[in-house]
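A.B. asks: Handing you a structure now.
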Amino acid sequence: MKNFQYILSENRFVLVMNLEDSFLENHPKLALWIMGLACASFQAIFVVTSINFIFRYFALERQGRLKYFAGKRLLLWIVAPWVMGTMSMTSTILMGPRESMTERLRPDLLRRFNLNIDKTTYSGCFYYTIDEFGNSYINWRELWYVSILNVMIWVSLFSILYFGCKSYKIVKGLIAQGESEYSRNLQAQLYKALVAQVKSSFYLHFDLDYLDLYKRCQKKYVN
């Protein structure tokens, strides 16, 4: 697979995987499932990271909220990344290739990226559908799938930023609260380790080859 390409515009969102000259060229359905797994892992890592920040904040504030990570409740935190990842994968696959969208995308992919759509797999949607009379209608079904993906990502990102900032403020104020310099330094190191985990996750998904799926990943904005 040569690359993924994100096609964003005012009327569509499409994630395209070029299968030309790869062993998946004759197995587009398998390629779609691999794309779904990649999206699932991306989502799951965001959820796991946000949970780590929530746990770290509860541990730092010392108000007994760690009880939410004990007993049966712990199982919910463990299951959450799997559930969110499965939802992301399901949405990606449900927005996979279908004849009506393939024909609408064919000329654009060929003209702008020199891609033969028959040698790709993709996931995405047009925000508006066109019926046989040329009338446009909002594509509520697939907009719902896109909304699910966006909400899950933004909730995770908000949790990371919110609890990360609150944890940082607590760490900075430990000495003022009577904590020793050693305790403050220890908590600061744990906090930095958590931040490093976030950076490594972003680096893994955006800069490194991820099972050769994100190789030469690039964003394209189509008007």
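Following the order of the structure tokens, first chain is A, next is B, and so on, with residues numbered from 1 inside each chain and ligands from 1 in the order they appear.
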Per DSSP on the backbone, what are the strand (DSSP E) residues of segment 52-160 of chain A, as a VMD selection string?

C.D. replies: chain A and resid 120 to 126 128 to 130 136 to 138

A.B. asks: Determine, for each residue of segment 57-79 of chain A having at least one atom at most 12 Å from an atom of segment 150-164 of chain A, the closest pair of atoms and their separation in Å to one decimal, counting only C-alpha atoms; order by chain and ascending number, as a tab-separated table.

C.D. replies:
residue	atom	partner	partner_atom	distance
A:Tyr57	CA	A:Phe163	CA	6.2
A:Phe58	CA	A:Phe163	CA	9.1
A:Ala59	CA	A:Phe163	CA	11.5
A:Leu60	CA	A:Phe163	CA	10.8
A:Glu61	CA	A:Phe163	CA	11.1

A.B. asks: Taking only residues of segment 91-197 of chain A that have an atom at most 10 Å from an atom of segment 35-38 of chain A, what is each one's shortest atom pair and its distance in Å to one decimal, using only C-alpha atoms, in chain and number order, as a Markdown table?

C.D. replies:
| residue | atom | partner | partner_atom | distance |
| --- | --- | --- | --- | --- |
| A:Ser91 | CA | A:Gly36 | CA | 8.2 |
| A:Thr92 | CA | A:Gly36 | CA | 5.5 |
| A:Ile93 | CA | A:Gly36 | CA | 6.0 |
| A:Leu94 | CA | A:Gly36 | CA | 9.6 |
| A:Gly96 | CA | A:Gly36 | CA | 9.4 |
| A:Thr121 | CA | A:Met35 | CA | 8.8 |
| A:Tyr122 | CA | A:Met35 | CA | 8.4 |
| A:Ser123 | CA | A:Met35 | CA | 8.5 |

A.B. asks: Only all heavy atoms, please: the residues just picked out, written as a short mmCIF file (atom, residue, chain, number, x, y, z; two decimals), in the first residue's frame.

C.D. replies:
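Okay, selection.cif is ready:
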data_model
loop_
_atom_site.label_atom_id
_atom_site.label_comp_id
_atom_site.auth_asym_id
_atom_site.auth_seq_id
_atom_site.Cartn_x
_atom_site.Cartn_y
_atom_site.Cartn_z
N SER A 91 -18.03 1.88 12.31
CA SER A 91 -18.40 3.05 11.51
C SER A 91 -17.56 3.13 10.25
O SER A 91 -18.07 3.43 9.16
CB SER A 91 -18.22 4.33 12.34
OG SER A 91 -19.08 4.34 13.45
N THR A 92 -16.26 2.84 10.37
CA THR A 92 -15.37 2.89 9.20
C THR A 92 -15.79 1.88 8.15
O THR A 92 -15.85 2.19 6.95
CB THR A 92 -13.91 2.60 9.64
OG1 THR A 92 -13.51 3.59 10.60
CG2 THR A 92 -12.97 2.65 8.45
N ILE A 93 -16.12 0.67 8.57
CA ILE A 93 -16.50 -0.39 7.63
C ILE A 93 -17.87 -0.09 7.01
O ILE A 93 -18.08 -0.31 5.81
CB ILE A 93 -16.48 -1.75 8.34
CG1 ILE A 93 -15.04 -2.14 8.70
CG2 ILE A 93 -17.12 -2.83 7.45
CD1 ILE A 93 -14.92 -3.40 9.51
N LEU A 94 -18.80 0.41 7.82
CA LEU A 94 -20.14 0.71 7.30
C LEU A 94 -20.10 1.83 6.26
O LEU A 94 -20.99 1.92 5.42
CB LEU A 94 -21.08 1.09 8.45
CG LEU A 94 -21.52 -0.05 9.36
CD1 LEU A 94 -22.36 0.48 10.51
CD2 LEU A 94 -22.31 -1.10 8.58
N GLY A 96 -17.79 2.03 4.08
CA GLY A 96 -16.91 1.51 3.04
C GLY A 96 -17.50 1.64 1.65
O GLY A 96 -18.58 2.22 1.45
N THR A 121 -9.38 1.04 -1.71
CA THR A 121 -10.55 0.89 -0.85
C THR A 121 -10.70 2.20 -0.12
O THR A 121 -9.74 2.97 0.01
CB THR A 121 -10.41 -0.29 0.13
OG1 THR A 121 -11.69 -0.52 0.76
CG2 THR A 121 -9.38 0.01 1.22
N TYR A 122 -11.88 2.49 0.35
CA TYR A 122 -12.09 3.78 0.99
C TYR A 122 -13.20 3.68 2.02
O TYR A 122 -13.99 2.72 2.06
CB TYR A 122 -12.44 4.85 -0.05
CG TYR A 122 -13.74 4.63 -0.78
CD1 TYR A 122 -14.96 5.04 -0.22
CD2 TYR A 122 -13.77 4.00 -2.03
CE1 TYR A 122 -16.15 4.82 -0.89
CE2 TYR A 122 -14.96 3.78 -2.69
CZ TYR A 122 -16.16 4.21 -2.11
OH TYR A 122 -17.34 3.98 -2.77
N SER A 123 -13.24 4.69 2.86
CA SER A 123 -14.32 4.83 3.83
C SER A 123 -14.65 6.31 3.94
O SER A 123 -13.75 7.15 4.03
CB SER A 123 -13.90 4.29 5.20
OG SER A 123 -14.94 4.47 6.16
#

A.B. asks: Take atom CA of Leu32 of chain A and atom CA of Val146 of chain A and report the distance between them in Å, one decimal.

C.D. replies: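 Taking atom CA of Leu32 of chain A and atom CA of Val146 of chain A, their separation equals 16.5 Å.
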